[in-house]
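Dropping protein_22.pdb in here (PDB, C-alpha atoms (C1' of nucleotides)):
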```pdb
ATOM      1  CA  MET X 730      38.058-141.384 -18.331
ATOM      2  CA  PRO X 731      35.195-143.802 -18.801
ATOM      3  CA  VAL X 732      32.013-142.322 -20.189
ATOM      4  CA  LYS X 733      29.336-142.239 -17.553
ATOM      5  CA  ARG X 734      26.353-144.156 -18.881
ATOM      6  CA  ARG X 735      22.847-143.048 -18.120
ATOM      7  CA  PRO X 736      20.645-145.726 -16.644
ATOM      8  CA  ALA X 737      18.251-147.042 -19.255
ATOM      9  CA  GLU X 738      14.867-145.280 -19.377
ATOM     10  CA  PRO X 739      12.302-147.445 -17.665
ATOM     11  CA  PRO X 740      10.042-148.751 -20.401
ATOM     12  CA  SER X 741       6.523-147.388 -20.512
ATOM     13  CA  LEU X 742       3.535-147.968 -22.703
ATOM     14  CA  ARG X 743       1.544-145.039 -24.094
ATOM     15  CA  ILE X 744      -2.147-145.636 -24.810
ATOM     16  CA  ALA X 745      -4.283-142.896 -26.361
ATOM     17  CA  THR X 746      -7.924-142.461 -27.297
ATOM     18  CA  PHE X 747      -8.999-140.064 -30.030
ATOM     19  CA  ASN X 748     -12.454-139.321 -31.397
ATOM     20  CA  ILE X 749     -11.208-138.552 -34.881
ATOM     21  CA  ASN X 750     -14.553-137.384 -36.352
ATOM     22  CA  GLY X 751     -14.046-138.857 -39.820
ATOM     23  CA  ILE X 752     -10.877-140.848 -40.434
ATOM     24  CA  VAL X 753     -10.704-140.233 -44.179
ATOM     25  CA  ARG X 754     -11.021-136.469 -43.913
ATOM     26  CA  ARG X 755      -8.790-136.323 -40.816
ATOM     27  CA  LEU X 756      -6.066-138.736 -41.969
ATOM     28  CA  PRO X 757      -3.293-136.142 -42.453
ATOM     29  CA  ARG X 758      -3.906-134.828 -38.911
ATOM     30  CA  LEU X 759      -3.846-138.360 -37.527
ATOM     31  CA  LEU X 760      -0.568-139.225 -39.243
ATOM     32  CA  ASP X 761       1.085-136.031 -37.985
ATOM     33  CA  TRP X 762      -0.085-136.752 -34.451
ATOM     34  CA  LEU X 763       1.131-140.389 -34.601
ATOM     35  CA  ARG X 764       4.525-139.187 -35.746
ATOM     36  CA  ASP X 765       4.721-136.420 -33.119
ATOM     37  CA  THR X 766       3.535-138.349 -30.051
ATOM     38  CA  SER X 767       4.326-141.949 -31.033
ATOM     39  CA  PRO X 768       1.641-143.699 -28.962
ATOM     40  CA  ASP X 769       2.008-147.481 -28.620
ATOM     41  CA  VAL X 770      -1.735-148.114 -28.765
ATOM     42  CA  VAL X 771      -4.448-145.864 -30.208
ATOM     43  CA  CYS X 772      -8.210-146.191 -29.814
ATOM     44  CA  LEU X 773     -10.136-144.306 -32.499
ATOM     45  CA  GLN X 774     -13.839-143.434 -32.602
ATOM     46  CA  GLU X 775     -16.213-141.888 -35.111
ATOM     47  CA  LEU X 776     -14.419-143.270 -38.149
ATOM     48  CA  LYS X 777     -17.533-142.356 -40.166
ATOM     49  CA  ALA X 778     -16.346-144.652 -42.933
ATOM     50  CA  PRO X 779     -17.211-148.191 -44.031
ATOM     51  CA  ASP X 780     -14.632-150.937 -43.503
ATOM     52  CA  GLU X 781     -13.372-150.794 -47.100
ATOM     53  CA  CYS X 782     -12.515-147.089 -46.761
ATOM     54  CA  PHE X 783     -10.335-147.537 -43.663
ATOM     55  CA  PRO X 784      -6.851-146.201 -44.633
ATOM     56  CA  ALA X 785      -5.024-149.351 -43.533
ATOM     57  CA  LYS X 786      -2.144-148.799 -45.970
ATOM     58  CA  ALA X 787      -1.302-145.282 -44.742
ATOM     59  CA  ILE X 788      -1.550-146.435 -41.133
ATOM     60  CA  ALA X 789       0.670-149.459 -41.821
ATOM     61  CA  ASP X 790       3.182-147.156 -43.535
ATOM     62  CA  ALA X 791       3.180-145.087 -40.330
ATOM     63  CA  GLY X 792       4.198-148.244 -38.444
ATOM     64  CA  TYR X 793       0.880-149.384 -36.999
ATOM     65  CA  GLY X 794      -1.115-152.572 -37.214
ATOM     66  CA  ALA X 795      -4.857-152.101 -36.884
ATOM     67  CA  VAL X 796      -8.223-153.710 -36.347
ATOM     68  CA  TRP X 797     -11.371-151.792 -37.143
ATOM     69  CA  HIS X 798     -15.141-151.947 -37.328
ATOM     70  CA  GLY X 799     -16.293-149.174 -39.616
ATOM     71  CA  GLN X 800     -19.704-147.904 -40.569
ATOM     72  CA  LYS X 801     -20.909-145.651 -43.332
ATOM     73  CA  SER X 802     -21.571-142.053 -42.258
ATOM     74  CA  TRP X 803     -21.712-142.606 -38.494
ATOM     75  CA  ASN X 804     -19.935-144.442 -35.682
ATOM     76  CA  GLY X 805     -17.023-146.785 -36.422
ATOM     77  CA  VAL X 806     -14.140-147.687 -34.077
ATOM     78  CA  ALA X 807     -10.565-148.946 -34.423
ATOM     79  CA  ILE X 808      -7.508-149.984 -32.433
ATOM     80  CA  LEU X 809      -3.967-149.331 -33.676
ATOM     81  CA  ALA X 810      -0.757-150.849 -32.291
ATOM     82  CA  LYS X 811       2.750-149.625 -33.021
ATOM     83  CA  GLY X 812       4.850-152.358 -34.612
ATOM     84  CA  ALA X 813       2.281-155.046 -33.810
ATOM     85  CA  GLU X 814      -0.997-156.537 -34.941
ATOM     86  CA  PRO X 815      -3.756-156.160 -32.355
ATOM     87  CA  ILE X 816      -5.423-159.521 -31.726
ATOM     88  CA  LEU X 817      -9.142-158.990 -32.193
ATOM     89  CA  THR X 818     -11.261-160.337 -29.325
ATOM     90  CA  ARG X 819     -14.644-158.791 -30.182
ATOM     91  CA  LYS X 820     -16.264-156.308 -32.565
ATOM     92  CA  ASP X 821     -19.488-155.732 -30.626
ATOM     93  CA  LEU X 822     -20.547-155.046 -27.088
ATOM     94  CA  PRO X 823     -22.370-158.151 -25.832
ATOM     95  CA  GLY X 824     -25.996-158.038 -24.794
ATOM     96  CA  ASP X 825     -27.976-156.946 -27.864
ATOM     97  CA  PRO X 826     -27.804-159.021 -31.059
ATOM     98  CA  ASP X 827     -30.002-156.435 -32.813
ATOM     99  CA  ASP X 828     -27.561-153.542 -32.230
ATOM    100  CA  GLN X 829     -26.635-152.255 -35.708
ATOM    101  CA  GLU X 830     -24.341-149.433 -34.544
ATOM    102  CA  ASN X 831     -20.608-150.143 -34.565
ATOM    103  CA  ARG X 832     -19.509-148.572 -31.317
ATOM    104  CA  TYR X 833     -17.208-151.132 -29.718
ATOM    105  CA  ILE X 834     -14.083-153.062 -30.645
ATOM    106  CA  GLU X 835     -11.695-154.964 -28.400
ATOM    107  CA  ALA X 836      -8.259-156.470 -28.940
ATOM    108  CA  ALA X 837      -5.297-157.876 -27.053
ATOM    109  CA  VAL X 838      -2.145-155.746 -27.333
ATOM    110  CA  GLU X 839       1.042-155.977 -25.239
ATOM    111  CA  GLY X 840      -0.651-158.321 -22.781
ATOM    112  CA  ILE X 841      -3.501-155.867 -22.194
ATOM    113  CA  LEU X 842      -7.108-156.143 -23.311
ATOM    114  CA  VAL X 843      -7.850-152.825 -24.999
ATOM    115  CA  ALA X 844     -11.355-151.617 -25.876
ATOM    116  CA  SER X 845     -12.179-148.656 -28.112
ATOM    117  CA  LEU X 846     -15.719-147.530 -27.381
ATOM    118  CA  TYR X 847     -18.069-144.841 -28.587
ATOM    119  CA  ALA X 848     -21.140-144.501 -26.388
ATOM    120  CA  PRO X 849     -24.338-143.088 -27.903
ATOM    121  CA  ASN X 850     -24.663-139.315 -27.585
ATOM    122  CA  GLY X 851     -28.244-139.648 -26.291
ATOM    123  CA  ASN X 852     -29.771-136.380 -27.492
ATOM    124  CA  PRO X 853     -32.447-135.212 -27.542
ATOM    125  CA  GLN X 854     -33.110-135.838 -23.898
ATOM    126  CA  PRO X 855     -35.497-137.055 -22.631
ATOM    127  CA  GLY X 856     -36.542-139.516 -25.312
ATOM    128  CA  LEU X 857     -35.842-142.785 -27.062
ATOM    129  CA  LYS X 858     -32.265-141.792 -27.946
ATOM    130  CA  PHE X 859     -31.497-141.168 -24.297
ATOM    131  CA  GLU X 860     -33.085-144.474 -23.254
ATOM    132  CA  ARG X 861     -30.893-146.231 -25.808
ATOM    133  CA  LYS X 862     -27.804-144.491 -24.455
ATOM    134  CA  LEU X 863     -28.579-145.720 -20.933
ATOM    135  CA  ALA X 864     -29.259-149.236 -22.221
ATOM    136  CA  TRP X 865     -25.903-149.237 -24.037
ATOM    137  CA  MET X 866     -24.136-148.075 -20.877
ATOM    138  CA  ASN X 867     -25.838-150.848 -18.927
ATOM    139  CA  ARG X 868     -24.389-153.374 -21.371
ATOM    140  CA  LEU X 869     -20.956-151.787 -20.924
ATOM    141  CA  LEU X 870     -21.272-152.122 -17.139
ATOM    142  CA  LEU X 871     -22.095-155.813 -17.443
ATOM    143  CA  HIS X 872     -19.171-156.474 -19.764
ATOM    144  CA  ALA X 873     -16.801-154.469 -17.549
ATOM    145  CA  ALA X 874     -17.927-156.501 -14.534
ATOM    146  CA  ASP X 875     -17.130-159.688 -16.460
ATOM    147  CA  LEU X 876     -13.627-158.480 -17.288
ATOM    148  CA  ALA X 877     -12.955-157.336 -13.737
ATOM    149  CA  ALA X 878     -14.222-160.635 -12.312
ATOM    150  CA  GLN X 879     -11.686-162.441 -14.493
ATOM    151  CA  SER X 880      -8.879-160.122 -13.282
ATOM    152  CA  VAL X 881      -8.071-159.171 -16.876
ATOM    153  CA  PRO X 882      -5.579-156.299 -17.246
ATOM    154  CA  ALA X 883      -7.812-154.093 -19.374
ATOM    155  CA  VAL X 884      -8.382-150.524 -20.474
ATOM    156  CA  LEU X 885     -11.797-149.321 -21.630
ATOM    157  CA  ALA X 886     -10.915-146.239 -23.660
ATOM    158  CA  GLY X 887     -13.067-143.980 -25.734
ATOM    159  CA  ASP X 888     -15.761-141.365 -26.035
ATOM    160  CA  TYR X 889     -18.193-142.143 -23.222
ATOM    161  CA  ASN X 890     -20.333-139.113 -24.122
ATOM    162  CA  VAL X 891     -20.586-138.418 -20.379
ATOM    163  CA  THR X 892     -19.183-135.626 -18.224
ATOM    164  CA  PRO X 893     -18.664-137.548 -14.970
ATOM    165  CA  THR X 894     -19.102-134.485 -12.715
ATOM    166  CA  ASP X 895     -19.509-130.711 -12.915
ATOM    167  CA  LEU X 896     -15.711-130.391 -12.874
ATOM    168  CA  ASP X 897     -15.791-131.926 -16.366
ATOM    169  CA  ILE X 898     -17.656-129.025 -17.983
ATOM    170  CA  TYR X 899     -17.078-125.272 -18.009
ATOM    171  CA  ALA X 900     -19.325-123.022 -15.941
ATOM    172  CA  THR X 901     -22.486-122.717 -18.004
ATOM    173  CA  ARG X 902     -26.192-123.462 -17.985
ATOM    174  CA  SER X 903     -26.453-123.915 -21.745
ATOM    175  CA  TRP X 904     -26.021-127.725 -21.531
ATOM    176  CA  GLY X 905     -28.644-128.081 -18.794
ATOM    177  CA  LYS X 906     -30.924-130.430 -20.723
ATOM    178  CA  ASP X 907     -28.158-132.126 -22.685
ATOM    179  CA  ALA X 908     -27.709-135.881 -22.438
ATOM    180  CA  LEU X 909     -23.982-135.440 -21.724
ATOM    181  CA  ILE X 910     -24.531-134.085 -18.209
ATOM    182  CA  GLN X 911     -27.652-135.943 -17.037
ATOM    183  CA  PRO X 912     -27.543-137.668 -13.629
ATOM    184  CA  GLU X 913     -28.747-140.993 -15.102
ATOM    185  CA  ALA X 914     -25.735-141.123 -17.438
ATOM    186  CA  ARG X 915     -23.350-139.901 -14.740
ATOM    187  CA  ALA X 916     -24.651-142.536 -12.342
ATOM    188  CA  ARG X 917     -23.672-145.306 -14.761
ATOM    189  CA  PHE X 918     -20.168-143.900 -15.174
ATOM    190  CA  ALA X 919     -19.923-143.584 -11.379
ATOM    191  CA  ARG X 920     -20.911-147.230 -10.972
ATOM    192  CA  LEU X 921     -18.042-148.242 -13.220
ATOM    193  CA  VAL X 922     -15.606-146.262 -11.064
ATOM    194  CA  GLU X 923     -17.148-147.455  -7.782
ATOM    195  CA  SER X 924     -16.768-151.045  -8.956
ATOM    196  CA  GLY X 925     -12.997-150.600  -9.142
ATOM    197  CA  TRP X 926     -12.302-149.242 -12.626
ATOM    198  CA  ILE X 927      -9.926-146.259 -12.443
ATOM    199  CA  ASP X 928     -10.719-143.049 -14.369
ATOM    200  CA  ALA X 929      -7.021-142.561 -15.134
ATOM    201  CA  ILE X 930      -7.066-138.904 -16.115
ATOM    202  CA  ARG X 931      -9.131-137.846 -13.113
ATOM    203  CA  ALA X 932      -7.113-140.059 -10.756
ATOM    204  CA  LEU X 933      -3.885-138.251 -11.675
ATOM    205  CA  HIS X 934      -5.443-134.784 -12.133
ATOM    206  CA  PRO X 935      -8.058-134.484  -9.389
ATOM    207  CA  ASP X 936      -8.447-130.701  -9.536
ATOM    208  CA  ARG X 937      -8.078-129.669 -13.181
ATOM    209  CA  PRO X 938     -10.891-129.870 -15.734
ATOM    210  CA  MET X 939      -8.882-131.820 -18.359
ATOM    211  CA  TYR X 940     -11.354-131.157 -21.188
ATOM    212  CA  THR X 941     -11.192-133.357 -24.292
ATOM    213  CA  PHE X 942     -13.994-131.844 -26.404
ATOM    214  CA  TRP X 943     -14.852-128.343 -27.547
ATOM    215  CA  ASP X 944     -17.939-127.842 -29.701
ATOM    216  CA  TYR X 945     -17.365-126.247 -33.105
ATOM    217  CA  MET X 946     -20.077-123.714 -32.337
ATOM    218  CA  ARG X 947     -19.857-120.364 -30.620
ATOM    219  CA  ARG X 948     -16.064-120.144 -30.509
ATOM    220  CA  ARG X 949     -15.977-122.679 -27.715
ATOM    221  CA  TRP X 950     -12.360-123.696 -28.400
ATOM    222  CA  GLU X 951     -11.169-120.097 -28.305
ATOM    223  CA  ARG X 952     -13.036-119.587 -25.008
ATOM    224  CA  ASP X 953     -11.850-122.947 -23.575
ATOM    225  CA  ALA X 954     -15.510-123.819 -23.100
ATOM    226  CA  GLY X 955     -14.846-127.551 -23.072
ATOM    227  CA  LEU X 956     -16.134-130.872 -21.766
ATOM    228  CA  ARG X 957     -14.320-134.000 -20.629
ATOM    229  CA  LEU X 958     -15.991-136.810 -22.560
ATOM    230  CA  ASP X 959     -13.090-139.093 -23.476
ATOM    231  CA  HIS X 960     -11.929-141.425 -20.738
ATOM    232  CA  LEU X 961      -9.478-144.277 -20.156
ATOM    233  CA  LEU X 962     -10.702-146.654 -17.460
ATOM    234  CA  LEU X 963      -8.270-149.187 -16.045
ATOM    235  CA  SER X 964      -9.358-152.524 -14.649
ATOM    236  CA  PRO X 965      -8.375-153.260 -11.034
ATOM    237  CA  ALA X 966      -5.702-155.642 -12.337
ATOM    238  CA  LEU X 967      -4.101-152.915 -14.461
ATOM    239  CA  ALA X 968      -4.584-149.892 -12.189
ATOM    240  CA  PRO X 969      -1.279-150.304 -10.268
ATOM    241  CA  ASN X 970       0.618-149.872 -13.554
ATOM    242  CA  LEU X 971      -0.632-146.327 -14.202
ATOM    243  CA  LEU X 972       2.198-143.785 -14.511
ATOM    244  CA  GLU X 973       0.967-140.612 -16.264
ATOM    245  CA  ALA X 974      -2.111-139.183 -17.960
ATOM    246  CA  GLY X 975      -2.880-136.162 -20.112
ATOM    247  CA  VAL X 976      -4.680-134.558 -23.029
ATOM    248  CA  ASP X 977      -3.046-133.452 -26.298
ATOM    249  CA  ARG X 978      -4.962-130.175 -26.299
ATOM    250  CA  ASP X 979      -2.884-128.637 -29.074
ATOM    251  CA  GLN X 980      -4.495-131.049 -31.553
ATOM    252  CA  ARG X 981      -7.813-129.235 -31.116
ATOM    253  CA  GLY X 982      -6.252-125.989 -32.268
ATOM    254  CA  CYS X 983      -4.971-127.381 -35.575
ATOM    255  CA  GLU X 984      -6.451-126.421 -38.922
ATOM    256  CA  GLY X 985      -9.197-128.886 -39.786
ATOM    257  CA  ALA X 986      -9.177-130.448 -36.312
ATOM    258  CA  SER X 987     -11.654-132.936 -34.895
ATOM    259  CA  ASP X 988     -13.862-131.429 -32.208
ATOM    260  CA  HIS X 989     -12.130-133.808 -29.746
ATOM    261  CA  ALA X 990      -8.492-133.861 -28.595
ATOM    262  CA  PRO X 991      -6.645-137.121 -27.830
ATOM    263  CA  ALA X 992      -6.481-138.274 -24.213
ATOM    264  CA  TRP X 993      -3.614-140.560 -23.180
ATOM    265  CA  ILE X 994      -1.988-142.501 -20.387
ATOM    266  CA  THR X 995       1.357-144.157 -19.854
ATOM    267  CA  LEU X 996       1.626-147.508 -18.106
ATOM    268  CA  ARG X 997       4.334-149.691 -16.712
ATOM    269  CA  PRO X 998       4.206-152.640 -19.124
ATOM    270  CA  VAL X 999       2.406-155.754 -18.003
ATOM    271  CA  ARG X1000       4.601-158.761 -17.272
ATOM    272  CA  ARG X1001       3.715-161.438 -19.807
TER
ATOM    273  C1'  DA Q1370     -33.493-120.346 -30.478
ATOM    274  C1'  DT Q1371     -29.207-120.215 -32.019
ATOM    275  C1'  DG Q1372     -24.675-121.287 -32.987
ATOM    276  C1'  DT Q1373     -20.849-125.196 -36.581
ATOM    277  C1'  DC Q1374     -19.713-128.852 -39.547
ATOM    278  C1'  DT Q1375     -20.653-132.507 -42.475
ATOM    279  C1'  DT Q1376     -23.229-136.124 -44.870
ATOM    280  C1'  DT Q1377     -27.489-137.906 -46.793
ATOM    281  C1'  DT Q1378     -31.211-137.931 -49.831
ATOM    282  C1'  DT Q1379     -31.579-136.901 -54.366
ATOM    283  C1'  DC Q1380     -29.957-133.569 -57.745
ATOM    284  C1'  DA Q1381     -31.602-128.142 -54.273
ATOM    285  C1'  DA Q1382     -32.325-127.621 -50.218
ATOM    286  C1'  DA Q1383     -33.278-129.285 -46.032
ATOM    287  C1'  DA Q1384     -32.767-132.690 -42.348
ATOM    288  C1'  DA Q1385     -30.008-135.251 -39.303
ATOM    289  C1'  DG Q1386     -26.282-136.434 -36.112
ATOM    290  C1'  DA Q1387     -23.028-134.686 -33.159
TER
END
```

I need this file expressed as structure tokens, please.
Amino acid sequence: MPVKRRPAEPPSLRIATFNINGIVRRLPRLLDWLRDTSPDVVCLQELKAPDECFPAKAIADAGYGAVWHGQKSWNGVAILAKGAEPILTRKDLPGDPDDQENRYIEAAVEGILVASLYAPNGNPQPGLKFERKLAWMNRLLLHAADLAAQSVPAVLAGDYNVTPTDLDIYATRSWGKDALIQPEARARFARLVESGWIDAIRALHPDRPMYTFWDYMRRRWERDAGLRLDHLLLSPALAPNLLEAGVDRDQRGCEGASDHAPAWITLRPVRR
DNA sequence: ATGTCTTTTTCAAAAAGA
């Protein structure tokens, strides 16, 4: 009797974003997670390490090519690609030549333009830090509009440091003055979505919180007192390819975890 | 106000960023 063959799995591309909160200190966790979930593309934020300390060798040994823009102590972003070298397209968000904070990197991978971004936190609010956060988000909106106008299949992934709505934070008043929930920041995120960029996690999970961050303080992980800060936004050209979305919550419960968990999507690959 | 975690400045302890 002939063996019945299963139809081949339809190919899909897994893209994740992970605020790693210190890549050197968190490297063992990252390598475990890469091995366990095998994402095709990974956007990392808060490397908190200068370029020369980026663990390129360990990441290459895990099967990933990488581009990165590090910074001592704070910020720093990277893009990893399984079995491929990401093709760097930019290392800075356009619009401010004096910006010294490394919060944006962009590369072409698998026919998709992938950005790893880390928006300013913006606290204390109100104040100069918050003004700078809004200015940075304005620059992101302009760049996103450029990409959309060119019909680029793109994903803007990272830590936006914004809870888009009240569904994205647990029931509390303790963040009332925090920059992460302010209407001015939410309005900028909303403009991105209204202009056609798809908030992939929210699009596929309209009713569940889908938190990606739990503060280290006050047992917030144990209480599931979380916030959804990490987002993957798909350009109009890429949106029809969206298949699945989720959060690797279990990562937050690991010993020595980042205060963020990875968020991910799967896509039908782009025809090239 | 505090809570946690970590790094930085500068060589202890306190501030800063998140």

Where does the PyMOL selection byres ((chain Q) within 10 of (chain X)) land in this file, that is, which residues does it pick, as a short mmCIF file (atom, residue, chain, number, x, y, z; two decimals) with C-alpha atoms (C1' of nucleotides), in the frame of the given file?
```cif
data_model
loop_
_atom_site.label_atom_id
_atom_site.label_comp_id
_atom_site.auth_asym_id
_atom_site.auth_seq_id
_atom_site.Cartn_x
_atom_site.Cartn_y
_atom_site.Cartn_z
"C1'" DT Q 1371 -29.21 -120.22 -32.02
"C1'" DG Q 1372 -24.68 -121.29 -32.99
"C1'" DT Q 1373 -20.85 -125.20 -36.58
"C1'" DC Q 1374 -19.71 -128.85 -39.55
"C1'" DT Q 1375 -20.65 -132.51 -42.48
"C1'" DT Q 1376 -23.23 -136.12 -44.87
"C1'" DT Q 1377 -27.49 -137.91 -46.79
"C1'" DG Q 1386 -26.28 -136.43 -36.11
"C1'" DA Q 1387 -23.03 -134.69 -33.16
#
```

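The space separating CA of Val881 (chain X) from CA of Arg931 (chain X) comes to 21.7 Å.
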
Quiz item: Could you state the separation of CA of Glu830 (chain X) and CA of Asn804 (chain X) in Å, given to one decimal place?
Solution: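 Computing the Euclidean distance for CA of Glu830 (chain X) and CA of Asn804 (chain X) yields 6.8 Å.
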
Quiz item: For Asn867 (chain X), which residue out of X:Arg917, X:Ala789, X:Leu971, X:Thr892 is the nearest one, using only C-alpha atoms?
Solution: X:Arg917

Exercise. For CA of Ser845 (chain X) and CA of Asp979 (chain X), determine how far apart the two atoms are, in Å to one decimal place.
Key: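 Separation of CA of Ser845 (chain X) and CA of Asp979 (chain X): 22.1 Å.
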